[in-house]
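Everything below concerns the one structure shown next.
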Amino acid sequence: MEEVEDQEIEDQPDDEKLNAEKPEGEELKIPDVLPLLPVRDVVVYPFMIIPLFVGREMSVKAVDSALAGDRMILLATQHEISEEDPPSDKIYSVGTVAMIMRMLKLPDGRVKILVQGLTKARITDYVTEKPFYTVRIERLNDNTQLDLTLETEALIRTVREQLAKVIELGKQISPEVVVILENIQDAGSMADLIASNLGLKVSDAQQLLETADPITRLTKVNEFLNREVELLSVQAKIQSAAREEMGKNQREYYLREQMRAIQQELGDGEGKEELVEIRKAIEAANMPENVQKEAFKQLGRLENMHPDASEAGIIRTYLDWLVEIPWSKSSRDSLDIIRAEKILNEDHFYLDKIKERILEFLAVRKLKKKMKGPILCFVGPPGVGKTSLGKSIARAMGRKFVRISLGGVRDEAEIRGHRRTYIGALPGRIIQGMKQAGTNNPVFMLDELDKLGYDYKGDPSSALLEVLDPEQNHSFSDHYINQPYNLSNVMFIATANQIDPIPSALRDRMEVINLSGYTEEEKLEIARRYLVPRQLEANGLKDKHISFDDDAIREIIAKFTREAGLRNLEREIGTVCRKVARKVAEGATRIVKVSGKNLHTFLGAPKFLREDDLEQNEIGVVNGLAWTPVGGEILHIEATLMQGKAGLTLTGQLGDVMKESIQAAHSYIRAHVAELNIKPDFFQEHEIHVHVPAGAIPKDGPSAGTAMTVALVSVITRIPVRKDVAMTGEITLRGKVLPIGGLKEKILAAVRSGMKTVIIPFQNKKDLEDIPAEILKKVKIVPVQMIDEVLKLALEKFPSAAPQKKPASANPAGVSGKRSRTSVHGNA
């Protein structure tokens, strides 16, 4: 394809040299049919002399044909520069007839030619296309220019002035061209000459070529000159600013070198090596731009400060923290879901909901690379594995694990840090934990979240609102660092024994996952898999020294521990192992087999007896169910009658809510005396006393309402309560049984105490899905909606006879004195 060639074309030998000069007086005749030479990246104007490089075979033949004739050829520009073989419809129809002045043949068959534009012409028809284009043309002449008008002269002068500005701003235009332009008075010739030297785009140059009116053409050239002036002005401004900046940097470098030399002469350069190391560390820390700017600012202050100044140590410590915090260092997540599931199953037995949630997070993380870390909150009794589960999650994901304990934290600065103005100021625990992790995406455990306190120093739980909010923690602000830190990649896991003490605003920011206590079967399996092997290793024992059978572990669970978790169980197993370790150390070689029969030789008498099973159905004694932070408990509720003035006495450290439940039960019975066959004036002649052992432990909650009602009806109607029935549920004045919480723990307590039937609210039926199937096989669960259903199930018979006239004023309940009264603080 033909291109502009800047190299000068040398004269050919005499036999190949062509004379381009016309004899004087001979009129230029242009044939109607000419060979066509498509050119790209340039538009040739009349009277323009330009060298061209001709490389295509068709183009070389067109040049040869022109040289064989009158040396005239039509130069027309193609539309697309990249088009190697342009079809006829991709070539502009208006071009320039040119005279080939010189030609130079190259060894490879290509040629270089020097052409001069003669006149404009339009292609009217393509005569031939092979072996090269020949076209029929019509000559185009500019519109006749009349006498030079005032407007035309002003336009020509304006163009000259603009051209002078362009040359002044650095545009390279030949001085010969400038001299010619000073003497040209023809608008069309001036427009063509300027356009050929401005380096216009092909489309703009072609548009000028096709414009027939000289004044219009010169006006467009003036517009291009104006634009070129603006572009050159902006370019000059940019270059000037760059030169100034370069000069400023060179000056600063020169002054800094002078200062360094002066300091070395004065002996002040000692200790500067540390500052150089700090500067390198800042550059290598890959901090965000605003943080790095602050770090260099503080480093500049430190450089101008005496090393022994009091503030120098503060700044140095601050810079050390900025450098050591992981701003952009991340650990790579292990997204192998099958491997992660295997690790979670190795470390923990059961806890299926949490395992499923972690695997879901890994699956989403595998599909979507950029996502915010989840904020999980594990809520459950002590010892169920909340903290250790965090370590397993970190191991499964291949992340670092950091744990901080929030128990007893009362100062808001523990979370956000202290201002640097204080002596001994440090960042808060969050930033300290990130430094400890060394990566910006660890698994960060906030342990004992419900044990946070607050005082005059602030509320730490409010400071955690920003940390545990996925929409805000990307710019967490620590008072000491005083720069935003991105926590959105961190996987936060909070743990708590109870959800109620956690403020609602903080609770709303977390995904709460409840962990209930373990069943006896679950504890047995966990003890086999984890606790016994761990205690054997901890006490230096091997399988050849000791073995535990299932009966021994069951005995420890039932009679030596009372908990929802596993800590005391492991502690008792450790006690047995230590006693065996002593025997081994004394020389015993026989294996010690620990069974249910010989367990007392290691642990002594049982610490807990099962909640005293009632020896017979008794009047006024009901098996209620309570939830506590350490699991479920059986709650014996006792009621008795006394002759005397009407009244209701309540004892047993009962909270306001539980007292109101008893009042509601009492009011329901009084409102339904007819259905229960109770004399209307019965309550005017008797005083009722309700007691909930153990009396020294506070109790509260509405879920003992059904049990209170059954106890009152039993003692009033003298009908015994079934000893193997336990119940839970809130009572209303209309006799409806409302749902309660902690159902799994309460049913576990009932099974542990040997209950055969458990009465629950009908609306809690959906919660039975969370209870293991082996537990549901051991007890009959009866959902109820009304208190009448509870009375029919719990009493030996539904009240059908009139109550006795003179009930005994002593204790008719016949409460057994053997029953253990040990309980725990909790909600009924």
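Just so we're on the same page: first chain in the structure tokens is A, next is B, and so on; residues restart at 1 for each chain, and ligands are numbered from 1 in the order they show up.
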With a distance cut-off of 10 Å and only C-alpha atoms, select the neighbouring residues of Pro783 of chain A, excluding the residue or stretch itself and same-chain residues fewer than 6 positions from it, and output the selection as a PyMOL selection string.
-> chain A and resi 737+758-765+789-790
Show me, as a tab-separated table, the residues of segment 158-179 of chain A having an atom within 9 Å of segment 196-220 of chain A, each with the closest atom pair and its distance in Å, using only C-alpha atoms.
```
residue	atom	partner	partner_atom	distance
A:Val159	CA	A:Leu218	CA	8.0
A:Lys171	CA	A:Leu198	CA	8.6
A:Gln172	CA	A:Asn197	CA	8.9
A:Ile173	CA	A:Asn197	CA	6.8
A:Ser174	CA	A:Asn197	CA	8.6
A:Val177	CA	A:Asn197	CA	8.6
```
Just-selected residues, N, CA, C and O atoms written as a PDB file, in the first residue's frame:
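What ended up in out.pdb:
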```
ATOM      1  N   VAL A 159      -6.236  34.471   9.026  1.00  0.00           N
ATOM      2  CA  VAL A 159      -5.584  33.172   8.861  1.00  0.00           C
ATOM      3  C   VAL A 159      -4.076  33.309   9.030  1.00  0.00           C
ATOM      4  O   VAL A 159      -3.423  32.483   9.680  1.00  0.00           O
ATOM      5  N   LYS A 171       4.781  24.784  16.295  1.00  0.00           N
ATOM      6  CA  LYS A 171       4.444  23.970  15.131  1.00  0.00           C
ATOM      7  C   LYS A 171       5.527  24.137  14.065  1.00  0.00           C
ATOM      8  O   LYS A 171       5.908  25.247  13.716  1.00  0.00           O
ATOM      9  N   GLN A 172       6.020  23.001  13.556  1.00  0.00           N
ATOM     10  CA  GLN A 172       7.094  23.036  12.571  1.00  0.00           C
ATOM     11  C   GLN A 172       6.515  23.214  11.157  1.00  0.00           C
ATOM     12  O   GLN A 172       5.890  22.295  10.626  1.00  0.00           O
ATOM     13  N   ILE A 173       6.706  24.401  10.575  1.00  0.00           N
ATOM     14  CA  ILE A 173       6.283  24.680   9.197  1.00  0.00           C
ATOM     15  C   ILE A 173       7.482  25.299   8.470  1.00  0.00           C
ATOM     16  O   ILE A 173       8.164  26.192   8.998  1.00  0.00           O
ATOM     17  N   SER A 174       7.733  24.825   7.259  1.00  0.00           N
ATOM     18  CA  SER A 174       8.898  25.260   6.494  1.00  0.00           C
ATOM     19  C   SER A 174       8.882  26.782   6.279  1.00  0.00           C
ATOM     20  O   SER A 174       7.857  27.369   5.962  1.00  0.00           O
ATOM     21  N   VAL A 177       7.441  27.876   2.963  1.00  0.00           N
ATOM     22  CA  VAL A 177       5.974  27.895   2.915  1.00  0.00           C
ATOM     23  C   VAL A 177       5.453  29.192   3.506  1.00  0.00           C
ATOM     24  O   VAL A 177       4.512  29.807   2.983  1.00  0.00           O
TER      25      VAL A 177
END
```
To one decimal in Å, tell me the separation between atom CA of Ile688 of chain A and atom CA of Ala671 of chain A.
->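 About the pair atom CA of Ile688 of chain A and atom CA of Ala671 of chain A: they are 16.3 Å apart.
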If you run DSSP on this backbone, which residues of segment 83-270 of chain A come out as strand (DSSP E), and could you give them as a ChimeraX atom specification?
-> /A:94-105,111-128,134-140
At a cut-off of 10 Å, using only C-alpha atoms, what residues contact Leu793 of chain A? Leave out same-chain residues fewer than 2 positions from it and give the result as a PDB file with N, CA and C atoms, in the first residue's frame.
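The result, stored in out_23.pdb:
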```pdb
ATOM      1  N   VAL A 721     -51.337 -35.570  91.384  1.00  0.00           N
ATOM      2  CA  VAL A 721     -50.730 -35.314  90.080  1.00  0.00           C
ATOM      3  C   VAL A 721     -49.871 -36.513  89.705  1.00  0.00           C
ATOM      4  N   ARG A 722     -49.897 -36.883  88.435  1.00  0.00           N
ATOM      5  CA  ARG A 722     -49.098 -38.017  87.979  1.00  0.00           C
ATOM      6  C   ARG A 722     -47.611 -37.691  88.159  1.00  0.00           C
ATOM      7  N   VAL A 725     -45.190 -37.185  84.809  1.00  0.00           N
ATOM      8  CA  VAL A 725     -45.586 -36.173  83.823  1.00  0.00           C
ATOM      9  C   VAL A 725     -44.875 -34.857  84.172  1.00  0.00           C
ATOM     10  N   THR A 757     -43.944 -38.612  80.144  1.00  0.00           N
ATOM     11  CA  THR A 757     -44.762 -37.719  79.327  1.00  0.00           C
ATOM     12  C   THR A 757     -44.335 -36.277  79.572  1.00  0.00           C
ATOM     13  N   VAL A 758     -44.248 -35.509  78.483  1.00  0.00           N
ATOM     14  CA  VAL A 758     -43.929 -34.082  78.592  1.00  0.00           C
ATOM     15  C   VAL A 758     -45.006 -33.310  77.846  1.00  0.00           C
ATOM     16  N   ILE A 759     -45.639 -32.387  78.560  1.00  0.00           N
ATOM     17  CA  ILE A 759     -46.693 -31.555  77.967  1.00  0.00           C
ATOM     18  C   ILE A 759     -46.062 -30.241  77.531  1.00  0.00           C
ATOM     19  N   VAL A 782     -46.646 -34.348  74.236  1.00  0.00           N
ATOM     20  CA  VAL A 782     -48.060 -34.045  73.986  1.00  0.00           C
ATOM     21  C   VAL A 782     -48.219 -32.530  73.834  1.00  0.00           C
ATOM     22  N   VAL A 784     -50.389 -29.183  73.572  1.00  0.00           N
ATOM     23  CA  VAL A 784     -51.740 -28.797  74.024  1.00  0.00           C
ATOM     24  C   VAL A 784     -51.962 -27.330  73.706  1.00  0.00           C
ATOM     25  N   ILE A 787     -55.662 -25.201  78.886  1.00  0.00           N
ATOM     26  CA  ILE A 787     -55.281 -25.747  80.188  1.00  0.00           C
ATOM     27  C   ILE A 787     -56.125 -26.962  80.547  1.00  0.00           C
ATOM     28  N   ASP A 788     -57.342 -27.080  79.987  1.00  0.00           N
ATOM     29  CA  ASP A 788     -58.177 -28.260  80.262  1.00  0.00           C
ATOM     30  C   ASP A 788     -57.475 -29.533  79.817  1.00  0.00           C
ATOM     31  N   GLU A 789     -56.796 -29.459  78.662  1.00  0.00           N
ATOM     32  CA  GLU A 789     -56.066 -30.629  78.165  1.00  0.00           C
ATOM     33  C   GLU A 789     -54.940 -30.994  79.117  1.00  0.00           C
ATOM     34  N   VAL A 790     -54.273 -29.974  79.689  1.00  0.00           N
ATOM     35  CA  VAL A 790     -53.177 -30.221  80.624  1.00  0.00           C
ATOM     36  C   VAL A 790     -53.704 -30.922  81.869  1.00  0.00           C
ATOM     37  N   LEU A 791     -54.839 -30.456  82.395  1.00  0.00           N
ATOM     38  CA  LEU A 791     -55.406 -31.051  83.608  1.00  0.00           C
ATOM     39  C   LEU A 791     -55.796 -32.507  83.384  1.00  0.00           C
ATOM     40  N   LEU A 795     -53.465 -34.802  85.912  1.00  0.00           N
ATOM     41  CA  LEU A 795     -54.150 -35.297  87.117  1.00  0.00           C
ATOM     42  C   LEU A 795     -54.584 -36.736  86.917  1.00  0.00           C
ATOM     43  N   GLU A 796     -54.728 -37.433  88.047  1.00  0.00           N
ATOM     44  CA  GLU A 796     -55.192 -38.819  87.961  1.00  0.00           C
ATOM     45  C   GLU A 796     -56.575 -38.888  87.336  1.00  0.00           C
ATOM     46  N   LYS A 797     -57.389 -37.872  87.593  1.00  0.00           N
ATOM     47  CA  LYS A 797     -58.716 -37.794  86.984  1.00  0.00           C
ATOM     48  C   LYS A 797     -59.103 -36.325  86.899  1.00  0.00           C
ATOM     49  N   PHE A 798     -59.974 -36.006  85.965  1.00  0.00           N
ATOM     50  CA  PHE A 798     -60.434 -34.630  85.843  1.00  0.00           C
ATOM     51  C   PHE A 798     -61.426 -34.347  86.961  1.00  0.00           C
TER      52      PHE A 798
END
```
Once DSSP has gone over the backbone, tell me which residues of segment 484-554 of chain A are in alpha helix (DSSP H), as a list of chain:residue names.
->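 For segment 484-554 of chain A, the alpha helix (DSSP H) set is A:Ser504, A:Ala505, A:Leu506, A:Arg507, A:Asp508, A:Glu520, A:Glu521, A:Glu522, A:Lys523, A:Leu524, A:Glu525, A:Ile526, A:Val532, A:Pro533, A:Arg534, A:Gln535, A:Leu536, A:Glu537, A:Ala538, A:Asp550, A:Asp551, A:Ala552, A:Ile553, A:Arg554.
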